[in-house]
Structure formats: C-alpha cells, structure tokens
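**Q** Structure file query-v6.cif, mmCIF, C-alpha atoms, is pasted below:
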data_input
#
loop_
_atom_site.label_atom_id
_atom_site.label_comp_id
_atom_site.auth_asym_id
_atom_site.auth_seq_id
_atom_site.Cartn_x
_atom_site.Cartn_y
_atom_site.Cartn_z
CA MET A 1 251.87 221.58 79.77
CA ASN A 2 249.08 222.05 82.32
CA ARG A 3 249.65 222.43 86.05
CA THR A 4 248.40 218.95 86.95
CA SER A 5 250.79 217.21 84.61
CA LEU A 6 253.57 219.58 85.62
CA LEU A 7 253.17 218.82 89.29
CA SER A 8 253.05 215.07 88.72
CA SER A 9 255.93 214.85 86.24
CA ARG A 10 259.44 213.63 86.75
CA PHE A 11 260.42 212.00 89.98
CA LEU A 12 260.83 212.29 93.73
CA ILE A 13 264.02 211.87 95.69
CA ALA A 14 264.50 208.91 97.97
CA GLY A 15 264.53 210.78 101.27
CA VAL A 16 266.76 210.37 104.24
CA ALA A 17 264.70 210.28 107.43
CA THR A 18 264.75 213.69 109.06
CA ALA A 19 264.01 214.35 112.67
CA LEU A 20 265.57 216.59 115.19
CA ILE A 21 267.64 213.77 116.60
CA LEU A 22 270.65 215.80 117.51
CA THR A 23 271.23 216.13 121.22
CA GLY A 24 271.12 219.68 122.53
CA CYS A 25 273.80 221.26 124.65
CA SER A 26 273.72 221.05 128.43
CA THR A 27 275.97 222.57 131.04
CA GLY A 28 279.11 220.50 131.40
CA SER A 29 278.58 218.38 128.30
CA SER A 30 277.06 218.71 124.89
CA SER A 31 276.75 217.08 121.49
CA SER A 32 276.64 218.72 118.08
CA GLY A 33 274.95 215.79 116.38
CA GLY A 34 277.67 215.80 113.72
CA ASP A 35 281.23 214.69 114.28
CA LYS A 36 282.21 213.84 117.83
CA PRO A 37 283.87 216.74 119.68
CA SER A 38 287.51 217.06 118.72
CA ALA A 39 290.18 215.84 121.08
CA PRO A 40 292.11 218.64 122.82
CA GLY A 41 294.54 220.16 120.37
CA ALA A 42 293.01 218.47 117.34
CA LYS A 43 291.86 220.63 114.46
CA PRO A 44 288.05 220.70 114.41
CA SER A 45 286.19 219.49 111.35
CA LEU A 46 284.28 221.93 109.16
CA GLU A 47 281.84 219.19 108.19
CA PHE A 48 278.28 219.34 109.47
CA ALA A 49 275.08 217.40 108.87
CA GLY A 50 271.40 218.11 108.34
CA PRO A 51 268.68 217.04 110.80
CA GLY A 52 268.54 213.58 109.24
CA GLY A 53 272.25 213.31 108.49
CA GLU A 54 272.02 215.04 105.10
CA VAL A 55 275.36 216.13 103.63
CA PRO A 56 275.16 219.81 102.66
CA GLY A 57 275.96 221.12 99.22
CA SER A 58 276.42 224.73 98.10
CA LEU A 59 273.72 227.09 96.93
CA ASP A 60 275.27 226.93 93.45
CA GLU A 61 273.80 223.45 93.09
CA LEU A 62 270.35 225.04 92.62
CA SER A 63 269.84 226.30 89.08
CA LEU A 64 267.26 226.19 86.29
CA THR A 65 267.72 225.91 82.55
CA ALA A 66 266.16 228.51 80.27
CA GLU A 67 263.52 225.96 79.27
CA GLU A 68 262.68 225.16 82.90
CA THR A 69 262.42 228.85 83.72
CA THR A 70 259.96 229.32 80.87
CA VAL A 71 257.85 226.39 82.07
CA VAL A 72 257.71 227.86 85.59
CA LYS A 73 256.74 231.30 84.27
CA ASP A 74 254.00 229.80 82.11
CA GLY A 75 252.65 227.89 85.10
CA LYS A 76 251.46 231.05 86.91
CA PHE A 77 252.30 229.51 90.27
CA THR A 78 251.83 231.11 93.68
CA ALA A 79 253.84 230.96 96.91
CA ALA A 80 253.38 231.82 100.58
CA TYR A 81 255.62 232.21 103.64
CA VAL A 82 254.71 230.53 106.92
CA TRP A 83 257.55 231.74 109.13
CA HIS A 84 258.44 230.73 112.67
CA THR A 85 259.18 234.30 113.80
CA SER A 86 259.97 237.79 112.58
CA SER A 87 263.43 239.36 112.55
CA GLU A 88 265.70 241.38 110.32
CA PHE A 89 267.22 238.12 109.15
CA VAL A 90 263.84 236.57 108.24
CA SER A 91 262.83 239.76 106.44
CA ALA A 92 266.04 239.70 104.40
CA VAL A 93 265.52 236.04 103.51
CA GLU A 94 261.98 236.85 102.41
CA ASP A 95 263.25 239.75 100.31
CA GLY A 96 265.73 237.46 98.57
CA ALA A 97 263.08 234.81 97.95
CA THR A 98 260.49 237.28 96.71
CA GLU A 99 262.99 238.83 94.33
CA GLU A 100 263.69 235.40 92.82
CA PHE A 101 260.00 234.44 92.78
CA ASP A 102 259.33 237.64 90.81
CA LYS A 103 261.95 236.64 88.24
CA LEU A 104 260.25 233.26 87.90
CA GLY A 105 256.76 234.71 87.55
CA ILE A 106 255.67 233.19 90.86
CA THR A 107 253.27 235.42 92.83
CA VAL A 108 253.60 235.66 96.62
CA VAL A 109 250.09 235.60 98.10
CA SER A 110 250.78 235.67 101.86
CA SER A 111 253.39 236.01 104.58
CA THR A 112 252.78 235.07 108.21
CA GLN A 113 254.95 234.67 111.31
CA ALA A 114 254.26 232.75 114.52
CA SER A 115 256.40 234.39 117.22
CA PHE A 116 257.84 230.93 117.95
CA ASP A 117 254.38 229.62 118.91
CA SER A 118 253.41 226.31 117.32
CA ALA A 119 249.66 226.86 117.75
CA THR A 120 249.94 230.22 116.00
CA GLN A 121 251.87 228.60 113.16
CA ALA A 122 249.14 225.95 112.81
CA ASN A 123 246.49 228.67 112.54
CA ASN A 124 248.61 230.61 110.08
CA LEU A 125 248.96 227.55 107.88
CA GLN A 126 245.20 227.06 107.70
CA THR A 127 244.78 230.70 106.69
CA VAL A 128 247.43 230.33 104.01
CA LEU A 129 246.01 227.06 102.66
CA ALA A 130 242.73 228.82 101.95
CA LEU A 131 244.65 230.80 99.31
CA ASN A 132 245.69 227.57 97.52
CA PRO A 133 249.42 228.31 97.13
CA ASP A 134 251.54 225.97 95.06
CA ILE A 135 254.64 226.56 97.23
CA ILE A 136 255.03 227.19 100.96
CA VAL A 137 258.34 228.38 102.40
CA THR A 138 258.59 227.65 106.11
CA THR A 139 260.58 226.86 109.23
CA ALA A 140 258.87 224.57 111.72
CA VAL A 141 258.43 226.13 115.16
CA ASP A 142 258.14 222.74 116.86
CA PRO A 143 259.18 219.87 114.60
CA VAL A 144 257.07 217.25 116.39
CA SER A 145 253.74 219.09 116.30
CA ALA A 146 254.57 220.52 112.86
CA ALA A 147 254.33 217.03 111.38
CA ALA A 148 250.56 217.11 111.93
CA THR A 149 250.29 220.84 111.26
CA PHE A 150 251.71 220.64 107.74
CA GLN A 151 250.14 217.32 106.73
CA PRO A 152 247.13 219.05 105.09
CA ALA A 153 249.56 221.00 102.89
CA VAL A 154 251.34 217.78 101.94
CA ASP A 155 248.01 216.09 101.22
CA ALA A 156 247.01 219.02 99.00
CA GLY A 157 250.19 218.64 96.94
CA VAL A 158 251.72 221.92 98.10
CA LYS A 159 255.49 222.00 97.63
CA LEU A 160 257.11 222.68 100.99
CA VAL A 161 260.53 224.33 101.01
CA ILE A 162 262.33 224.43 104.34
CA MET A 163 264.59 227.09 105.78
CA THR A 164 266.58 225.15 108.37
CA THR A 165 264.02 223.05 110.28
CA PRO A 166 261.54 220.58 108.75
CA PRO A 167 258.66 218.84 110.54
CA ALA A 168 259.76 215.65 112.27
CA ASP A 169 259.96 212.54 110.08
CA TYR A 170 259.46 214.52 106.86
CA THR A 171 261.96 213.64 104.14
CA ALA A 172 263.37 215.49 101.17
CA GLY A 173 261.66 214.56 97.93
CA ASN A 174 258.62 213.26 99.76
CA GLN A 175 256.94 215.74 102.10
CA TYR A 176 259.29 218.64 101.27
CA VAL A 177 261.59 219.62 98.44
CA SER A 178 264.84 220.72 100.11
CA ILE A 179 266.39 222.41 103.15
CA VAL A 180 268.24 225.70 102.62
CA THR A 181 270.41 226.98 105.47
CA GLU A 182 273.87 228.40 106.24
CA ASN A 183 277.19 226.67 106.68
CA LEU A 184 277.04 226.07 110.44
CA THR A 185 280.63 225.12 111.19
CA GLU A 186 281.99 228.03 109.17
CA ALA A 187 279.70 230.36 111.14
CA GLY A 188 280.94 228.96 114.44
CA LYS A 189 284.54 229.37 113.34
CA ALA A 190 283.87 232.95 112.20
CA ASN A 191 282.49 233.83 115.65
CA ALA A 192 285.55 232.30 117.29
CA GLU A 193 287.83 234.41 115.11
CA LEU A 194 285.88 237.61 115.74
CA LEU A 195 286.00 237.22 119.51
CA GLY A 196 289.49 235.76 119.68
CA ASP A 197 291.03 238.49 117.55
CA SER A 198 289.24 241.24 119.47
CA LEU A 199 290.74 239.88 122.70
CA GLY A 200 294.24 239.61 121.26
CA GLY A 201 294.12 235.84 121.60
CA SER A 202 293.91 235.60 125.39
CA GLY A 203 291.48 236.02 128.25
CA LYS A 204 288.54 234.40 129.99
CA ILE A 205 285.18 234.17 128.22
CA ALA A 206 281.64 232.92 128.70
CA TYR A 207 279.89 230.57 126.29
CA MET A 208 276.13 230.92 126.06
CA PHE A 209 274.40 228.20 124.07
CA HIS A 210 270.94 227.19 122.90
CA ASP A 211 269.98 224.51 125.43
CA ALA A 212 267.48 222.72 123.19
CA ASP A 213 267.48 219.78 120.81
CA PHE A 214 267.85 221.95 117.71
CA TRP A 215 270.23 220.63 115.06
CA PHE A 216 271.01 224.03 113.57
CA THR A 217 272.05 225.99 116.67
CA ASN A 218 273.61 222.97 118.39
CA GLN A 219 276.20 222.43 115.66
CA ARG A 220 276.93 226.13 115.22
CA ASP A 221 277.41 226.64 118.97
CA GLU A 222 279.68 223.62 119.24
CA ALA A 223 281.74 224.83 116.30
CA PHE A 224 282.39 228.13 118.08
CA LYS A 225 283.56 226.29 121.17
CA ALA A 226 285.78 223.86 119.27
CA TRP A 227 287.41 226.50 117.08
CA THR A 228 288.02 228.85 120.01
CA SER A 229 289.89 226.11 121.85
CA PHE A 230 291.91 225.21 118.76
CA LEU A 231 292.74 228.69 117.44
CA TYR A 232 293.19 230.46 120.78
CA PRO A 233 294.70 228.14 123.40
CA ASP A 234 295.21 231.13 125.72
CA ILE A 235 291.47 231.87 125.79
CA GLU A 236 289.68 229.96 128.54
CA ILE A 237 285.95 229.32 128.56
CA VAL A 238 285.25 229.72 132.28
CA ALA A 239 281.44 229.79 132.17
CA GLU A 240 278.86 227.91 130.12
CA GLU A 241 275.20 228.91 130.34
CA GLY A 242 272.34 227.45 128.33
CA PHE A 243 268.98 229.06 127.60
CA THR A 244 265.82 228.08 125.77
CA ASP A 245 263.89 231.36 125.81
CA GLU A 246 265.56 234.29 124.07
CA ALA A 247 263.46 236.66 126.20
CA LYS A 248 265.30 235.41 129.31
CA THR A 249 268.87 236.04 128.19
CA GLN A 250 269.14 239.32 130.08
CA GLU A 251 268.64 237.62 133.44
CA VAL A 252 270.83 234.67 132.42
CA ALA A 253 273.63 237.04 131.43
CA ALA A 254 273.22 239.19 134.55
CA ALA A 255 273.74 236.15 136.79
CA LEU A 256 276.63 234.94 134.65
CA ILE A 257 278.42 238.29 134.89
CA ALA A 258 277.93 238.46 138.66
CA ARG A 259 279.42 235.00 139.13
CA ASN A 260 282.30 235.59 136.71
CA PRO A 261 283.49 239.19 137.04
CA ASP A 262 286.81 238.41 135.36
CA ILE A 263 285.42 237.48 131.93
CA SER A 264 286.27 239.69 128.96
CA GLY A 265 284.05 238.15 126.29
CA ILE A 266 280.73 236.38 125.65
CA TYR A 267 279.48 234.31 122.74
CA VAL A 268 275.70 234.40 122.17
CA PRO A 269 273.99 232.07 119.65
CA TRP A 270 271.89 234.68 117.80
CA ALA A 271 271.17 238.39 117.66
CA THR A 272 267.82 238.77 119.40
CA ALA A 273 269.19 236.70 122.28
CA ALA A 274 272.28 238.94 122.28
CA GLN A 275 270.09 242.03 122.77
CA GLY A 276 269.27 240.79 126.27
CA VAL A 277 272.93 240.16 126.98
CA LEU A 278 273.77 243.69 125.85
CA SER A 279 271.13 245.08 128.22
CA ALA A 280 272.62 243.08 131.11
CA LEU A 281 276.11 244.42 130.34
CA ARG A 282 274.82 247.99 130.31
CA ASP A 283 273.00 247.50 133.61
CA ALA A 284 276.20 246.10 135.13
CA GLY A 285 278.36 248.89 133.70
CA ARG A 286 280.49 246.29 131.91
CA SER A 287 281.27 247.88 128.56
CA ASP A 288 284.64 246.09 128.72
CA ILE A 289 283.09 242.66 128.00
CA ARG A 290 283.05 241.95 124.28
CA VAL A 291 280.18 240.20 122.53
CA VAL A 292 279.89 238.25 119.27
CA THR A 293 276.81 236.60 117.82
CA ASN A 294 275.04 235.39 114.68
CA ASP A 295 272.67 237.39 112.43
CA LEU A 296 272.95 241.06 111.57
CA ASP A 297 270.83 243.27 113.80
CA ALA A 298 270.36 247.05 113.84
CA THR A 299 270.42 247.37 117.65
CA LEU A 300 273.66 245.44 117.93
CA ALA A 301 275.18 247.17 114.92
CA ALA A 302 274.49 250.58 116.45
CA ASP A 303 276.28 249.47 119.62
CA MET A 304 279.21 248.23 117.54
CA VAL A 305 279.46 251.51 115.64
CA ALA A 306 279.49 253.34 118.99
CA ASP A 307 282.38 251.11 120.18
CA GLY A 308 280.19 249.32 122.69
CA PRO A 309 280.50 245.68 123.80
CA VAL A 310 279.46 244.22 120.44
CA VAL A 311 282.58 243.64 118.35
CA GLY A 312 281.25 241.39 115.60
CA MET A 313 278.26 239.63 114.06
CA VAL A 314 278.19 236.74 111.61
CA GLY A 315 275.61 237.07 108.86
CA ASN A 316 273.96 234.00 107.37
CA GLY A 317 273.99 235.06 103.73
CA ALA A 318 270.28 235.87 104.02
CA MET A 319 269.64 237.06 100.47
CA GLY A 320 271.35 233.96 99.09
CA ILE A 321 269.27 231.71 101.34
CA GLY A 322 266.14 233.45 100.05
CA THR A 323 267.19 232.92 96.45
CA GLY A 324 267.86 229.27 97.19
CA LEU A 325 264.44 228.80 98.79
CA ALA A 326 262.69 230.26 95.75
CA LEU A 327 264.69 228.11 93.34
CA ALA A 328 263.92 225.03 95.44
CA GLY A 329 260.25 225.95 95.19
CA ALA A 330 260.60 226.02 91.41
CA TYR A 331 262.22 222.57 91.55
CA GLY A 332 259.15 221.41 93.43
CA VAL A 333 256.57 222.56 90.91
CA LEU A 334 258.70 221.19 88.09
CA GLY A 335 259.02 217.82 89.78
CA LYS A 336 262.77 218.22 89.49
CA GLU A 337 265.07 216.43 91.92
CA ALA A 338 266.66 218.91 94.32
CA PRO A 339 269.63 218.52 96.67
CA GLU A 340 268.44 217.46 100.13
CA LEU A 341 270.36 220.28 101.81
CA VAL A 342 272.25 223.32 100.55
CA ALA A 343 274.09 225.94 102.59
CA SER A 344 275.17 229.55 102.15
CA GLU A 345 278.53 230.90 103.28
CA PRO A 346 278.48 233.11 106.42
CA ILE A 347 279.66 236.71 106.40
CA SER A 348 281.79 238.17 109.22
CA VAL A 349 280.82 241.76 109.95
CA THR A 350 282.68 244.28 112.13
CA LYS A 351 282.61 248.04 112.41
CA SER A 352 285.21 248.30 109.65
CA ASN A 353 283.18 246.47 106.99
CA LEU A 354 279.63 247.14 108.21
CA ASP A 355 278.34 248.77 105.03
CA GLU A 356 279.81 246.11 102.76
CA GLY A 357 278.74 243.22 104.99
CA TRP A 358 275.20 244.51 105.46
CA LYS A 359 274.78 244.95 101.73
CA LYS A 360 276.15 241.48 101.00
CA ASP A 361 273.96 239.78 103.59
CA TYR A 362 270.74 241.82 103.53
CA GLY A 363 270.95 243.48 100.13
CA THR A 364 270.63 247.01 101.54
CA LYS A 365 272.66 249.64 103.34
CA PRO A 366 272.53 249.58 107.14
CA PRO A 367 269.52 251.53 108.48
CA SER A 368 270.06 255.16 109.44
CA SER A 369 269.54 254.23 113.10
CA VAL A 370 272.84 252.37 112.85
CA THR A 371 274.96 254.79 110.89
CA LYS A 372 273.87 257.85 112.87
#
Would you mind writing the file's structure down as structure tokens?

**A**
Amino acid sequence: MNRTSLLSSRFLIAGVATALILTGCSTGSSSSGGDKPSAPGAKPSLEFAGPGGEVPGSLDELSLTAEETTVVKDGKFTAAYVWHTSSEFVSAVEDGATEEFDKLGITVVSSTQASFDSATQANNLQTVLALNPDIIVTTAVDPVSAAATFQPAVDAGVKLVIMTTPPADYTAGNQYVSIVTENLTEAGKANAELLGDSLGGSGKIAYMFHDADFWFTNQRDEAFKAWTSFLYPDIEIVAEEGFTDEAKTQEVAAALIARNPDISGIYVPWATAAQGVLSALRDAGRSDIRVVTNDLDATLAADMVADGPVVGMVGNGAMGIGTGLALAGAYGVLGKEAPELVASEPISVTKSNLDEGWKKDYGTKPPSSVTK
C-alpha cells in the first residue's frame, strides 16, 4: 500500500463543532462549561466535556492491531511537535509520544515551542511544514488565530493531533484526528483532597483561577472549588483571584496575602503559575500557607521535600498523554476513526510518594535538584 492510498483510505469521523465556547471564570461568578455548578451540599459531578461538548473516553480506547502497526511501520511516516510552550510537563508528554513513535517506526523531524505567543507559533508551523511531516502534534496558543495558522497544514493533508486545545471551529475527523488530555474533574477533586487533608479539613483558603475562556483550565478550576465545598464544609474560600498571565502571579498573590492574612491555603491552576505564588509567600514570610497545584515541577517539588508551603501537586499522566497522541497520529495516517476525545487519569503527588509519582507521570526519577 503506498502512502497516497493509505492517507486517503477508510473514513473520517463526523465531527462535533469545536470552539472555545466555555465561559471563563471571573471574580464572584464563573462557569465551567460543563455541568452547571452544583447546588450547596450536592455531590459534584465527575463528568466533563471537550471544547465542543465531546464526551471523553479513556486512553485505553486507542490501540492498533498487529496488522495496522505493520502498515504504519512500512509507511515510513514522519511527525513534528508544534508546542504552545515549554515546561517539564510538555517535555514529558513529548518523551512519551516520541517513545511510541519510535515503536511505530515514525521519525520525529522537529520540535518547536512558542512561549504562549501565537505569532511565534505561526512562524514555527511554517518552518515545520517545510519538512513535510505526515503528523503534527500541537496545542493551539490562541484558538481563534490558530484556525488560519494551521489551515496550510490541513490543506497539505497533514494529520493534526491535539493535546488539549484545537484551533477554533476545527472538528475531530475533519481538520484534526483527536484530542488527548487529562481527566479534568478528577484532577480538580485530587487538588481539593490534597489541600483539604493537609489542613485537617478546616480553615480559610484562597482560590486562584485562570481568568480566561479556556475550556481545559476552567473545568479543572471549577472542579477544585466544587469538591472542596462538598468534601470539606469547614473550609471556607474567602478570596478568589483570577489571572491571565502566569508571569504576574507573584504580584497577584502578594496582594491577595496582604488582604487576607488569615488564609492557610491557596489553590493555583498550574505549576509555573504556582512558582510566582511561592515567591510571594517567601517574600511575605508566610511559610504557614499551604499550596496545591497541577503539573509536576522540580522547583515546587524541592520546596515540598523541604517542608515548605507546597504540600501537593497533581500530575496529568504526561507519559500516557504522549503515548495517546502518538497512537492518534497513527490513526490519522491509517485513516482509522479515532475517539474525539480521550483522557488520562491524574496522579496525586506528595512528599511521601514523590519518587513513585514522578516515575509514573514523567517516566523518570525526580531530578537531583529535588532530592538533594
């Protein structure tokens, strides 16, 4: 079977329209874009939805037969990464994807990152397209502008595989193959349990949230809030602060701490944003305020090992996400129908299970900067 017939064989999925239609959080009120917020005292739902309302399945739904694997290997396909940013999480996802691509005989020809700048991502894509990859793994920096940015790749027949965020109005089975992400509500619940347990089930806390229309963080943040209220009725969220720029979280947290000196805990949406919060706590001499966040991070892990403010992090299952992205890419070149959305299970990591959790999430031991 030649590559042209391979790429045109089988069928495409009827897509569900995808756009970032979920309303972002704002101080005083917010919407997760999934189920409506639970009534006080009601058990929150663990259901969540993709950017176009897609119902998530598990990573186990992605698999290839021996015959399909042979066809992919014989195809001598290539792949490239066009990332939104760089981080330990992104690196671990890439490691997981590259490991699976290697097993499938798919050669990775490029990896770029855009530092959350849409113009940079557009330039990166043009550079990558010059290498004629068959598969591109990406997360859109700005979904609206990304629709035009990635259209040349779609027109060229490149199989797009999405980690979390697709370009606006792109649909599974049409412009891209599948979305691979983490279970958002489970991650929010895990953060609630980490912070709630560390506080003994009572106290006053601050809730920092991603104040942008971003389906992924919105639902995860809301899940933390809902599960905290349900599981720990004696924990009161006394301050809610949104942010859009992770580089500004230090000043946001500094003001929050000054206004609310009686808080004993803070939830932060992701690790690089939590680094700024940690700096603010150190500047204020508030090592008594406990912090939880998403993504495993060496700086935060070192603080946790040293019994600093960080008491827990929730990993995304990065290696599994990477494996899923590579398998979805194989679905694309085979013309095989893929699930619209699949999700990995999050991993709660504390000082007591750091080695095990890091290995499970990132596939390696924690760096020496953490353990020493």

**Q** Let me know the residues the PyMOL selection byres ((chain A and resi 102-119) around 7) catches in the file above, as a list in words.

**A**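 When the PyMOL selection byres ((chain A and resi 102-119) around 7) is applied, the selected residues are Thr69, Val72, Lys73, Lys76, Phe77, Thr78, Ala79, Ala80, Tyr81, Val82, Trp83, His84, Thr85, Ser86, Thr98, Glu99, Glu100, Phe101, Thr120, Gln121, Ala122, Asn123, Asn124, Val128, Val141 and Asp142 of chain A.
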
**Q** Within 12 Å of Ala271 of chain A, counting all atoms listed in the file, which residues qualify if same-chain residues fewer than 5 places away don't, as JSON, numbers by chain?

**A** {"A": [87, 88, 89, 246, 247, 249, 276, 277, 278, 291, 292, 293, 294, 295, 296, 297, 298, 299, 300, 301, 310, 312, 313, 314, 315, 316]}

**Q** Tell me which of A:Arg286, A:Ala206, A:Asp221, A:Val238 sits closest to Ala190 of chain A, counting only C-alpha atoms.

**A** A:Asp221

**Q** For the file shown, report as a VMD selection string the outcome of the PyMOL selection byres ((chain A and resi 325) around 10) at residue level.

**A** chain A and resid 59 62 93 to 94 96 to 98 100 to 101 136 to 138 160 to 163 177 to 181 319 to 324 326 to 331 342

**Q** For atom CA of Glu236 of chain A and atom CA of Lys43 of chain A, determine how far apart the two atoms are, in Å to one decimal place.

**A** 17.0 Å

**Q** With all atoms of segment 88-100 of chain A from the file as input, state the centre and edge lengths in Å to one decimal of the axis-aligned box that has 4 Å extra on each side, as lines of an AutoDock Vina configuration file.

**A**
center_x = 263.9
center_y = 238.1
center_z = 101.6
size_x = 14.7
size_y = 14.6
size_z = 25.5

**Q** Between A:Ile289, A:Ile347, A:Val252, A:Ala273, single out the one closest to Glu186 of chain A, counting all atoms listed in the file.

**A**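 For Glu186 of chain A, the nearest of the candidates is A:Ile347.
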
**Q** Near Glu241 of chain A, counting all atoms listed in the file, which residues have an atom at most 8 Å away, once you skip same-chain residues fewer than 4 positions from it, shown as a list in words?

**A**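 Residues near the query, excluding close chain neighbours: Thr27, Ala206, Tyr207, Met208, Phe209, Val252 and Leu256 of chain A.
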
**Q** Would you work out the distance separating atom CA of Phe230 of chain A from atom CA of Gly203 of chain A, expressed in Å to one decimal?

**A**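 Separating atom CA of Phe230 of chain A from atom CA of Gly203 of chain A is a distance of 14.4 Å.
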
**Q** Measuring between only C-alpha atoms, which one of A:Pro143, A:Pro152, A:Gly317, A:Pro56 shows the shortest distance to Ala168 of chain A?

**A**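 The closest residue to Ala168 of chain A is A:Pro143.
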
**Q** List, as a PyMOL selection string, every residue that the PyMOL selection byres ((chain A and resi 363) around 9) selects in the file provided.

**A** chain A and resi 92+95-96+318-319+358-362+364-365
